[in-house]
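What follows is a short report on a single structure.
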Amino acid sequence: MSIWEYANPKKFIATTTPLVPWVLGVAIACLVIGLFWGFFLTPDDFRQGSTVKIIYLHVPAALMAINAWFMMLLASLVWLVRRHHVSALAARAAAPVGIVMTLIALITGAIWGQPMWGTWWAWDPRLTSFLILFLFYLGYIALWEAIEDPDTAADLTSVLCIVGSVFAVLSRYAVNFWNQGLHQGTSVPVATGERTISDVFFVPLVICMVGFGLLFFALVMVRTQTEIRVRRMRALEMRMRS
Amino acid sequence: MKLTVTDLSVARGGAPVLSGVSFVVNAGSALVLRGPNGIGKTTLLRTLAGLQPAVSGTVDVPEDAVAYASHADGIKAQLTVTENLAFWADVHGTTMPDSVFGAFDLDDLRTRLAGTLSAGQKRRLGLARLGVIGRKVLFLDEPTVSLDGFSVKMFANWLRDVHLAQDGIAVIATHVDLGIDAPELELTPFKSTAHAGGGLDEAFL
Amino acid sequence: MKLTVTDLSVARGGAPVLSGVSFVVNAGSALVLRGPNGIGKTTLLRTLAGLQPAVSGTVDVPEDAVAYASHADGIKAQLTVTENLAFWADVHGTTMPDSVFGAFDLDDLRTRLAGTLSAGQKRRLGLARLGVIGRKVLFLDEPTVSLDGFSVKMFANWLRDVHLAQDGIAVIATHVDLGIDAPELELTPFKSTAHAGGGLDEAFL
Amino acid sequence: MIALLRRDLTLAVRAGGGFGLGLAFFLIVVVLVPFGVGPEAAVLSRIAPGILWVAALLAALLSLDRTFALDFEDGTLPLLATSPLPLEGVALIKGVAHWITTGLPLTLAAPALGFLLNLEMSAYAWLLASLALGTPALSMIGTFGAALTVGLRRGGLLMSLLVLPLYVPTLIFGAEAVRRGALGLDATTPLLMLAGITLGSFALLPFAASSALRVNLR
Amino acid sequence: MIALLRRDLTLAVRAGGGFGLGLAFFLIVVVLVPFGVGPEAAVLSRIAPGILWVAALLAALLSLDRTFALDFEDGTLPLLATSPLPLEGVALIKGVAHWITTGLPLTLAAPALGFLLNLEMSAYAWLLASLALGTPALSMIGTFGAALTVGLRRGGLLMSLLVLPLYVPTLIFGAEAVRRGALGLDATTPLLMLAGITLGSFALLPFAASSALRVNLR
Ligand code: HEM
Ligand SMILES: Nc1ncnc2c1ncn2[C@@H]1O[C@H](COP(=O)(O)OP(=O)(O)OP(=O)(O)O)[C@@H](O)[C@H]1O
Ligand SMILES: Nc1ncnc2c1ncn2[C@@H]1O[C@H](COP(=O)(O)OP(=O)(O)OP(=O)(O)O)[C@@H](O)[C@H]1O
Ligand SMILES: [Mg+2]
Ligand SMILES: [Mg+2]
């Protein structure tokens, strides 16, 4: 059987319903452990003092903010090519979660920036491109909300998501070109395996990242289920009426 | 040329509207769609013209022969009557036959800005567009709204003597009597019942 | 109450359209305006309703009893049928009679967004507004456009049994037969001749 | 009149977040300026009061566009004109509705955007006060502009052209108040002027707007 | 397609100076900024490149608004969709027409407005070049946004929200080119990037726009 069978709304709900409590449970466990470990069991950084602990919220949130957009892009492509309703709804469900992640990254970053750079906000490329990402999320969600017919909305937001992705990458480049910035580069490059961060900070950070990832996954599942139920109610209403 | 509709189901706003509509219209003949308000005439015509997808069933017609005309007939208020028609002729790559002004009683209005026409005059201009674009298969949604009796007759004459006589096809939704000799299709029997299914949201049930 | 029109001349876009129109409509009766497209029915009705000034002549009618309704009937697509009507009831300080939904066959459509109605259903909603605002003198411009036969009859019934029966007045421009028993006024004889004068630009001649 | 206000607000919400969009535009203009001007904090903080006010003004302007146009196109306006509501009241209500959907959220959000432009700490109170006092004037002046251009197909742009010069005094006093605040000076005078402009426009412009509407309906 | 272009230009002229209005808006934004920011020449000259570009962008945006909306409301769009013109062509032509009525006059007028903001002498050539290369991208991106929002009643504002983030790269490279010019540096790289964005948009966005149109017509 093919993976596309899960694109059937009924099957999707049946499969994910038992999954959600587990994923959510593990996510919360990871977050509790990771945050507790990070906040209370790691030493203060020799330069940054205790403010370094913001990293346990900031970095996972930033990561998920980007991944959520990737997921939306994928789901949009699936919707445009194969027209599975669940994928369109999943994209719709992911957007608010993604924008909240973006906001968490922005806000924790701003709080961090105050002691580190002496300012709440600086037009640093990394920060700036996050702000742009926030705007893309905002536009995407606004477009979903503005259109009455769900299929039309799904089509148009998918087109927007694809075009938006291209321009988001372009903006990232442009912003780099425009300003070299204060924000540090990545210190957890997945590909090379090198890292510039010590193990004491690294292990709880990874636990937090896993926690955020699973939390995102669980939230998207729940929200997709809700969207499916909304559509089902709509369908029932139509049937009653005609 | 021939318009063949087989077992067509159409939906609007996610709700099934009509189902199981089948008919054939041969070259040189017209079909009049009848039915009470809200039965689905507009939805059916838009589907036939390819402006919205069918839920199921097929519409068989050469796609580049189709034209659609509804209440909103794409008239630009800031262009004159002639300019409006010339634009559509240009878009369709045809030349504008001068006879069209006579056929739709627009002779005196040629240089008037379309925005200053009365309701009926504007509608005549919208219909004249059909005489300009040279399409063979016309889907007309209430073409004679706000026309006076004389103009209705004029339009019927054009349809019979020009369009159908040249092997055209027309499917017309209307509530009034056009005075042309065409078979009528009452749509009430095709109304989708509650459990007919086929709406776009069916997948969720 | 009485509508008295004396020697009225009306103009549109600077050109005289009709001149010397006089008539009286008594409480409880209607007048049907007839005439070919472009003769000036819309212009006359707008002048009667006070939306544009008359060139000469007088319209005598209590101003706060007047309502005007045309093709564009002020329906908001994003509001439901009930909300649309409730808004107009509120604006006119009346209470919405529940019977109006029955009278215009809107019972099943109460909670539908007006944007999702078919052409005829929308028009019924526009007419239902007249039953809500409680105005006594109605100026109606082609009220039955795109209504089916049954709905036309329903509207005629409402007009006769509700509006006129309560001493209302109605002046209606239409090209179709409404099936109400009212005197007709053919406007063709009042058409302004080229030298009739009375246009707004007369002062420059 | 309450019915009209309620309807306009309902429509603003139903038509896809009427409240949010003016705000979003404000946000975006404020965000775009640094992309144009460059990221230096000193420059940004210097021009912040002016930019915030210009952005507020443009946001108000853009959402004005269709205040009357929608009601004109679907024939609501002639119906309102023959209703018991005075057209002056209609114009006033439109101004108020525009302020609630645009000016108010804009005022509340402005401090957050001040951060982005590195606005001086001392200026925030003045920013809030000046916007609260000044944006109603923007709404009412804009409503007048919308009434003037309601019948025109490309009204939006023409309206901007007519309205922007009328916005100049409001802009000058508003930005001046914030700038003085940023410098730690007293900004009571420009604030009083703003209040005066707002009161004056609400007292007089509904009449001008309604006569413009009446002419456009002919 | 030429017929469509010709008609759009005629309509722009007939509807009350389509050419002039985008320009006028540009002028007014540039004039308003000194009112907000204050009159010091040094500050103005520093921010001039950015402000000119932001103003150009807003002018382009505001006149976009009804690119498709008018054709949608009066039913032209479904008729074009069933005509022999490919919808991609329609979208492309709309972009071109928008550029001719807005981008082109704006480019030509920009140097004059540079004077108002005390732009450095060395920057004028770059200003012209960057606008000439960048404004077509603004038009085409905006046309895409207009196609997305054509069916919505309050489309104008939503369109701005969708389009402005897409404008960011164009804005950055455009303003950067002028700024480098003002500092007497070489600005070839940003200009090349601008040209790339313009070419890319004209190559790809007509397809995205036409698919959005098709969906909106359903
Ligand atoms: C609003 C402001 C900020 C935003 C939007 C932001 C955004 C991001 C993003 C997207 C990442 C993930 C990068 C990656 O892993 O590749 C990240 C990581 C990080 N950020 Fe921020 N940041 C902000 C402010 C700050 C501040 C003020 C600091 C402290 C000086 C900071 C320090 C870090 C650190 C240490 C990392 C981890 C980098 C790594 O080790 O991978 N950020 N930030
Ligand atoms: N967006 C929508 N959502 C739900 N139902 C809709 C929507 N749009 C239209 N409908 C319904 O679909 C049905 C078919 O509408 P359609 O416009 O095709 O009718 P019609 O036969 O053309 O009627 P008329 O003679 O009044 O023009 C109507 O009952 C209408 O209320
Ligand atoms: N702005 C204008 N400039 C010049 N002439 C105009 C203008 N507007 C309308 N007219 C003309 O005025 C005349 C009267 O128009 P009106 O709309 O009143 O006619 P009508 O009787 O309502 O016609 P219909 O039955 O077609 O609705 C028409 O001949 C019309 O062409
Ligand atoms: Mg219909
Ligand atoms: Mg008329």
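Ligands are numbered from 1 in the order shown, residues from 1 within each chain, and chains are lettered A, B, ... in the order they appear in the structure tokens.
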Which residues are near ligand 1 - at most 6 Å, using only C-alpha atoms and all ligand atoms? Format: as a list in words. Val59, Ala62, Leu63, Ala105, Leu106, Ile107, Gly109, Ala110, Trp112, Gly113, Met116, Arg126, Leu127, Phe130, Thr186, Ser187 and Val188 of chain A
Can you work out which residues from chain A touch chain D at a cut-off of 9 Å (counting only C-alpha atoms) and hand them back as a list in words?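 The selection requested is Thr119, Trp120, Trp121, Ala122, Trp123, Asp124, Leu131, Ile132, Leu135, Leu138, Gly139, Ala142, Leu143, Trp144, Glu145, Ala146, Ile147, Val175, Trp178 and Asn179 of chain A.
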The selected residues should be written to file as a PDB file, in the first residue's frame (atoms: N, CA and C atoms).
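As written to disk, selection.pdb reads:
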ATOM      1  N   THR A 119      21.562  46.276  22.800  1.00  0.00           N
ATOM      2  CA  THR A 119      20.386  46.830  22.123  1.00  0.00           C
ATOM      3  C   THR A 119      19.353  45.735  21.954  1.00  0.00           C
ATOM      4  N   TRP A 120      18.096  46.116  21.937  1.00  0.00           N
ATOM      5  CA  TRP A 120      17.045  45.119  21.769  1.00  0.00           C
ATOM      6  C   TRP A 120      17.049  44.576  20.341  1.00  0.00           C
ATOM      7  N   TRP A 121      17.323  45.458  19.465  1.00  0.00           N
ATOM      8  CA  TRP A 121      17.192  45.054  18.067  1.00  0.00           C
ATOM      9  C   TRP A 121      18.324  45.659  17.250  1.00  0.00           C
ATOM     10  N   ALA A 122      18.915  44.866  16.401  1.00  0.00           N
ATOM     11  CA  ALA A 122      19.887  45.414  15.473  1.00  0.00           C
ATOM     12  C   ALA A 122      19.568  44.841  14.103  1.00  0.00           C
ATOM     13  N   TRP A 123      19.871  45.607  13.070  1.00  0.00           N
ATOM     14  CA  TRP A 123      19.546  45.128  11.725  1.00  0.00           C
ATOM     15  C   TRP A 123      20.629  44.201  11.230  1.00  0.00           C
ATOM     16  N   ASP A 124      20.820  43.142  11.988  1.00  0.00           N
ATOM     17  CA  ASP A 124      21.778  42.109  11.632  1.00  0.00           C
ATOM     18  C   ASP A 124      21.130  41.173  10.609  1.00  0.00           C
ATOM     19  N   LEU A 131      12.909  38.399  10.549  1.00  0.00           N
ATOM     20  CA  LEU A 131      11.789  39.338  10.481  1.00  0.00           C
ATOM     21  C   LEU A 131      11.041  39.167   9.159  1.00  0.00           C
ATOM     22  N   ILE A 132      11.803  38.975   8.094  1.00  0.00           N
ATOM     23  CA  ILE A 132      11.165  38.774   6.787  1.00  0.00           C
ATOM     24  C   ILE A 132      10.368  37.479   6.788  1.00  0.00           C
ATOM     25  N   LEU A 135       7.144  38.057   8.271  1.00  0.00           N
ATOM     26  CA  LEU A 135       6.212  38.712   7.348  1.00  0.00           C
ATOM     27  C   LEU A 135       5.628  37.721   6.356  1.00  0.00           C
ATOM     28  N   LEU A 138       3.002  35.883   8.057  1.00  0.00           N
ATOM     29  CA  LEU A 138       1.850  36.748   8.259  1.00  0.00           C
ATOM     30  C   LEU A 138       1.001  36.818   6.976  1.00  0.00           C
ATOM     31  N   GLY A 139       1.677  37.027   5.861  1.00  0.00           N
ATOM     32  CA  GLY A 139       0.957  37.118   4.601  1.00  0.00           C
ATOM     33  C   GLY A 139       0.264  35.805   4.257  1.00  0.00           C
ATOM     34  N   ALA A 142      -2.744  35.402   6.479  1.00  0.00           N
ATOM     35  CA  ALA A 142      -3.780  36.363   6.103  1.00  0.00           C
ATOM     36  C   ALA A 142      -4.493  35.908   4.837  1.00  0.00           C
ATOM     37  N   LEU A 143      -3.747  35.358   3.895  1.00  0.00           N
ATOM     38  CA  LEU A 143      -4.377  34.911   2.653  1.00  0.00           C
ATOM     39  C   LEU A 143      -5.330  33.740   2.920  1.00  0.00           C
ATOM     40  N   TRP A 144      -4.895  32.799   3.748  1.00  0.00           N
ATOM     41  CA  TRP A 144      -5.804  31.705   4.117  1.00  0.00           C
ATOM     42  C   TRP A 144      -7.096  32.242   4.710  1.00  0.00           C
ATOM     43  N   GLU A 145      -6.943  33.212   5.619  1.00  0.00           N
ATOM     44  CA  GLU A 145      -8.121  33.709   6.315  1.00  0.00           C
ATOM     45  C   GLU A 145      -9.050  34.482   5.389  1.00  0.00           C
ATOM     46  N   ALA A 146      -8.474  35.099   4.369  1.00  0.00           N
ATOM     47  CA  ALA A 146      -9.264  36.027   3.568  1.00  0.00           C
ATOM     48  C   ALA A 146     -10.147  35.324   2.547  1.00  0.00           C
ATOM     49  N   ILE A 147      -9.847  34.070   2.232  1.00  0.00           N
ATOM     50  CA  ILE A 147     -10.572  33.423   1.144  1.00  0.00           C
ATOM     51  C   ILE A 147     -11.617  32.465   1.694  1.00  0.00           C
ATOM     52  N   VAL A 175      20.154  40.281   2.138  1.00  0.00           N
ATOM     53  CA  VAL A 175      20.397  40.837   3.458  1.00  0.00           C
ATOM     54  C   VAL A 175      21.851  40.653   3.856  1.00  0.00           C
ATOM     55  N   TRP A 178      23.937  43.168   2.274  1.00  0.00           N
ATOM     56  CA  TRP A 178      23.629  44.512   2.724  1.00  0.00           C
ATOM     57  C   TRP A 178      24.372  44.844   4.013  1.00  0.00           C
ATOM     58  N   ASN A 179      24.622  43.812   4.829  1.00  0.00           N
ATOM     59  CA  ASN A 179      25.143  44.090   6.157  1.00  0.00           C
ATOM     60  C   ASN A 179      25.833  42.841   6.663  1.00  0.00           C
TER      61      ASN A 179
END
Excluding Gly38 of chain C and residues on its chain fewer than 2 positions from it, collect all residues at most 9 Å away from it, counting only C-alpha atoms, and give them as a PyMOL selection string. (chain B and resi 117-121) or (chain C and resi 17+35-36+40-42)
Near chain A, 10 Å: chain C residue rows, closest pairs, only C-alpha atoms, as a Markdown table:
| residue | atom | partner | partner_atom | distance |
| --- | --- | --- | --- | --- |
| C:Gln78 | CA | A:Glu148 | CA | 9.8 |
| C:Asp108 | CA | A:Arg241 | CA | 8.5 |
| C:Leu109 | CA | A:Arg241 | CA | 9.6 |
Residues within 12 Å of ligand 5 should be enumerated using only C-alpha atoms and all ligand atoms and returned as a PyMOL selection string. (chain B and resi 116-123+145-148) or (chain C and resi 12+33-46+69-72+140-143+145+172-175)
Find the residues of chain E in contact range of chain B, meaning any atom within 8 Å when counting only C-alpha atoms, and list them as a short mmCIF file (atom, residue, chain, number, x, y, z; two decimals) with C-alpha atoms, in the first residue's frame.
data_model
loop_
_atom_site.label_atom_id
_atom_site.label_comp_id
_atom_site.auth_asym_id
_atom_site.auth_seq_id
_atom_site.Cartn_x
_atom_site.Cartn_y
_atom_site.Cartn_z
CA MET E 1 -1.66 40.78 -26.80
CA ALA E 3 -4.50 44.90 -28.28
CA LEU E 4 -4.61 44.27 -24.55
CA ARG E 7 -6.38 49.00 -24.26
CA LEU E 11 -7.76 53.10 -20.03
CA ARG E 14 -8.76 58.02 -19.92
CA ALA E 15 -9.34 57.21 -16.28
CA ASP E 71 -11.27 43.46 -15.11
CA GLU E 73 -15.48 43.11 -11.42
CA ASP E 74 -16.81 43.93 -14.86
CA GLY E 75 -16.44 40.36 -16.07
CA THR E 76 -13.61 40.94 -18.53
CA LEU E 77 -11.40 38.33 -16.92
CA PRO E 78 -13.57 35.25 -17.60
CA LEU E 79 -13.99 36.50 -21.15
CA ALA E 81 -9.82 33.35 -20.06
CA THR E 82 -12.03 31.87 -22.77
CA SER E 83 -10.34 33.93 -25.48
CA PRO E 84 -7.42 32.76 -27.60
CA LEU E 85 -4.99 34.78 -25.47
CA LEU E 217 -11.95 32.52 -11.77
CA ARG E 218 -13.36 29.21 -10.62
#
As an exercise, work out the distance from atom CA of Gly131 of chain C to atom CA of Ser29 of chain C in Å and give it to one decimal place. 16.6 Å
Which residue out of C:Ala27, C:Leu106, C:Val81, C:Ala182 has the minimum interatomic distance to chain B when only C-alpha atoms are used?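 Answer, going by the shortest atom-to-atom distance: C:Leu106.
Nearest-residue note for chain E: choosing from D:Phe25, D:Phe207, D:Phe72, D:Phe144, the minimum distance belongs to D:Phe25, counting only C-alpha atoms.
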Find the residues of chain A that sit at most 12 Å from ligand 2; for each, write down the nearest two atoms and how far apart they are in Å, to one decimal. Count only C-alpha atoms and all ligand atoms. Sort by chain, then by number going up, and give it as JSON lines.
{"residue": "A:Ile147", "atom": "CA", "partner": "ligand 2", "partner_atom_place_in_ligand_line": "1 (N)", "distance": 11.2}
{"residue": "A:Glu148", "atom": "CA", "partner": "ligand 2", "partner_atom_place_in_ligand_line": "1 (N)", "distance": 8.1}
{"residue": "A:Asp149", "atom": "CA", "partner": "ligand 2", "partner_atom_place_in_ligand_line": "1 (N)", "distance": 7.3}
{"residue": "A:Pro150", "atom": "CA", "partner": "ligand 2", "partner_atom_place_in_ligand_line": "1 (N)", "distance": 10.7}
{"residue": "A:Asp151", "atom": "CA", "partner": "ligand 2", "partner_atom_place_in_ligand_line": "1 (N)", "distance": 11.9}
{"residue": "A:Thr152", "atom": "CA", "partner": "ligand 2", "partner_atom_place_in_ligand_line": "1 (N)", "distance": 11.4}
{"residue": "A:Arg234", "atom": "CA", "partner": "ligand 2", "partner_atom_place_in_ligand_line": "4 (C)", "distance": 10.5}
{"residue": "A:Ala235", "atom": "CA", "partner": "ligand 2", "partner_atom_place_in_ligand_line": "4 (C)", "distance": 10.9}
{"residue": "A:Glu237", "atom": "CA", "partner": "ligand 2", "partner_atom_place_in_ligand_line": "4 (C)", "distance": 10.4}
{"residue": "A:Met238", "atom": "CA", "partner": "ligand 2", "partner_atom_place_in_ligand_line": "4 (C)", "distance": 7.8}
{"residue": "A:Arg239", "atom": "CA", "partner": "ligand 2", "partner_atom_place_in_ligand_line": "4 (C)", "distance": 11.0}
{"residue": "A:Arg241", "atom": "CA", "partner": "ligand 2", "partner_atom_place_in_ligand_line": "5 (N)", "distance": 9.4}
{"residue": "A:Ser242", "atom": "CA", "partner": "ligand 2", "partner_atom_place_in_ligand_line": "29 (O)", "distance": 8.5}
Find the residues near Gln166 of chain C: any atom within 12 Å, counting only C-alpha atoms, skip ones fewer than 4 places away on the same chain, and give them as number ranges by chain. C: 1, 27-29, 131, 134-137, 158-162, 170
Can those selected residues be exported to a file as a PDB file, in the first residue's frame so that it contains C-alpha atoms?
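Ended up saving to result.pdb:
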ATOM      1  CA  MET C   1     -50.574  60.863   0.587  1.00  0.00           C
ATOM      2  CA  ALA C  27     -52.278  56.336  -2.238  1.00  0.00           C
ATOM      3  CA  GLY C  28     -52.833  52.651  -2.780  1.00  0.00           C
ATOM      4  CA  SER C  29     -52.063  52.629  -6.468  1.00  0.00           C
ATOM      5  CA  GLY C 131     -40.652  45.050   2.844  1.00  0.00           C
ATOM      6  CA  GLY C 134     -41.513  50.520   5.717  1.00  0.00           C
ATOM      7  CA  ARG C 135     -41.370  53.308   3.160  1.00  0.00           C
ATOM      8  CA  LYS C 136     -44.633  54.258   1.500  1.00  0.00           C
ATOM      9  CA  VAL C 137     -43.464  55.576  -1.873  1.00  0.00           C
ATOM     10  CA  TRP C 158     -46.549  41.354  -2.126  1.00  0.00           C
ATOM     11  CA  LEU C 159     -46.885  44.646  -3.957  1.00  0.00           C
ATOM     12  CA  ARG C 160     -50.639  44.322  -4.323  1.00  0.00           C
ATOM     13  CA  ASP C 161     -51.594  42.655  -1.040  1.00  0.00           C
ATOM     14  CA  VAL C 162     -49.123  44.234   1.307  1.00  0.00           C
ATOM     15  CA  ALA C 170     -45.222  52.503  -6.361  1.00  0.00           C
TER      16      ALA C 170
END
Tell me the residues of chain D close to chain E, meaning within 7 Å using only C-alpha atoms, as a list in words. Ala15, Leu21, Ala24, Phe25, Ile28, Val33, Phe35, Gly36, Val37, Ile47, Pro49, Gly50, Ile51, Trp53, Val54, Leu62, Ser63, Arg153, Arg154, Leu157, Leu158, Leu161, Leu171, Ile172 and Ala175 of chain D
Filtered DSSP result for segment 58-113 of chain E, state alpha helix (DSSP H), as a ChimeraX atom specification: /E:58-64,69-73,76-81,87-98,104-113
Residues just named, written with C-alpha atoms as a PDB file, in the first residue's frame:
ATOM      1  CA  LEU E  58       5.101  52.393  -2.544  1.00  0.00           C
ATOM      2  CA  ALA E  59       4.029  54.289  -5.657  1.00  0.00           C
ATOM      3  CA  ALA E  60       4.277  51.097  -7.680  1.00  0.00           C
ATOM      4  CA  LEU E  61       2.329  49.233  -5.051  1.00  0.00           C
ATOM      5  CA  LEU E  62      -0.486  51.697  -4.762  1.00  0.00           C
ATOM      6  CA  SER E  63      -1.172  51.838  -8.452  1.00  0.00           C
ATOM      7  CA  LEU E  64      -1.126  48.049  -8.698  1.00  0.00           C
ATOM      8  CA  ALA E  69      -9.626  43.945  -9.934  1.00  0.00           C
ATOM      9  CA  LEU E  70     -11.384  46.168 -12.476  1.00  0.00           C
ATOM     10  CA  ASP E  71     -11.270  43.457 -15.113  1.00  0.00           C
ATOM     11  CA  PHE E  72     -12.589  40.984 -12.585  1.00  0.00           C
ATOM     12  CA  GLU E  73     -15.483  43.109 -11.420  1.00  0.00           C
ATOM     13  CA  THR E  76     -13.609  40.944 -18.527  1.00  0.00           C
ATOM     14  CA  LEU E  77     -11.404  38.334 -16.924  1.00  0.00           C
ATOM     15  CA  PRO E  78     -13.566  35.248 -17.596  1.00  0.00           C
ATOM     16  CA  LEU E  79     -13.992  36.500 -21.147  1.00  0.00           C
ATOM     17  CA  LEU E  80     -10.228  36.813 -21.556  1.00  0.00           C
ATOM     18  CA  ALA E  81      -9.820  33.352 -20.060  1.00  0.00           C
ATOM     19  CA  LEU E  87      -3.573  33.776 -19.477  1.00  0.00           C
ATOM     20  CA  GLU E  88       0.197  33.828 -19.047  1.00  0.00           C
ATOM     21  CA  GLY E  89       0.309  36.401 -21.804  1.00  0.00           C
ATOM     22  CA  VAL E  90      -2.406  38.409 -20.120  1.00  0.00           C
ATOM     23  CA  ALA E  91      -0.434  38.461 -16.872  1.00  0.00           C
ATOM     24  CA  LEU E  92       2.734  39.454 -18.679  1.00  0.00           C
ATOM     25  CA  ILE E  93       1.014  42.274 -20.526  1.00  0.00           C
ATOM     26  CA  LYS E  94      -0.526  43.539 -17.335  1.00  0.00           C
ATOM     27  CA  GLY E  95       2.938  43.709 -15.826  1.00  0.00           C
ATOM     28  CA  VAL E  96       4.311  45.545 -18.839  1.00  0.00           C
ATOM     29  CA  ALA E  97       1.393  47.978 -18.893  1.00  0.00           C
ATOM     30  CA  HIS E  98       1.905  48.676 -15.231  1.00  0.00           C
ATOM     31  CA  LEU E 104       8.824  54.404 -16.494  1.00  0.00           C
ATOM     32  CA  PRO E 105       7.552  57.870 -15.497  1.00  0.00           C
ATOM     33  CA  LEU E 106       8.864  57.240 -12.017  1.00  0.00           C
ATOM     34  CA  THR E 107      12.332  56.460 -13.294  1.00  0.00           C
ATOM     35  CA  LEU E 108      12.371  59.559 -15.438  1.00  0.00           C
ATOM     36  CA  ALA E 109      11.188  61.794 -12.629  1.00  0.00           C
ATOM     37  CA  ALA E 110      13.408  60.417  -9.885  1.00  0.00           C
ATOM     38  CA  PRO E 111      16.444  62.651 -10.554  1.00  0.00           C
ATOM     39  CA  ALA E 112      14.294  65.749 -10.081  1.00  0.00           C
ATOM     40  CA  LEU E 113      13.149  64.456  -6.726  1.00  0.00           C
TER      41      LEU E 113
END
Pick from B:Thr144, B:Thr80, B:Thr95, B:Ala103, whichever lies nearest to chain C using only C-alpha atoms: B:Thr144
Using only C-alpha atoms, which residues sit within 10 Å of Ile197 of chain D once same-chain residues fewer than 6 positions away are excluded, as a ChimeraX atom specification? /D:133-134,136-138,141,169-170,173,191,203
Do a neighbour search on Ala156 of chain C at 8 Å with only C-alpha atoms, toss out local chain neighbours closer than 3 positions, and write the hits as a list in words.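 The contact residues come out as Val152, Lys153, Leu159, Arg160, Leu178, Gly179 and Ile180 of chain C.
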Within 12 Å of Gly164 of chain A, counting only C-alpha atoms, which residues show up once you throw out same-chain ones fewer than 2 positions away? Write them as a ChimeraX atom specification, please. /A:69-70,72-73,76,132-140,156-162,166-171 /E:141,144-145,162-169,205,208
Atomic distance atom CA of Ser45 of chain D - atom CA of Glu120 of chain D, expressed in Å with one decimal: 6.8 Å
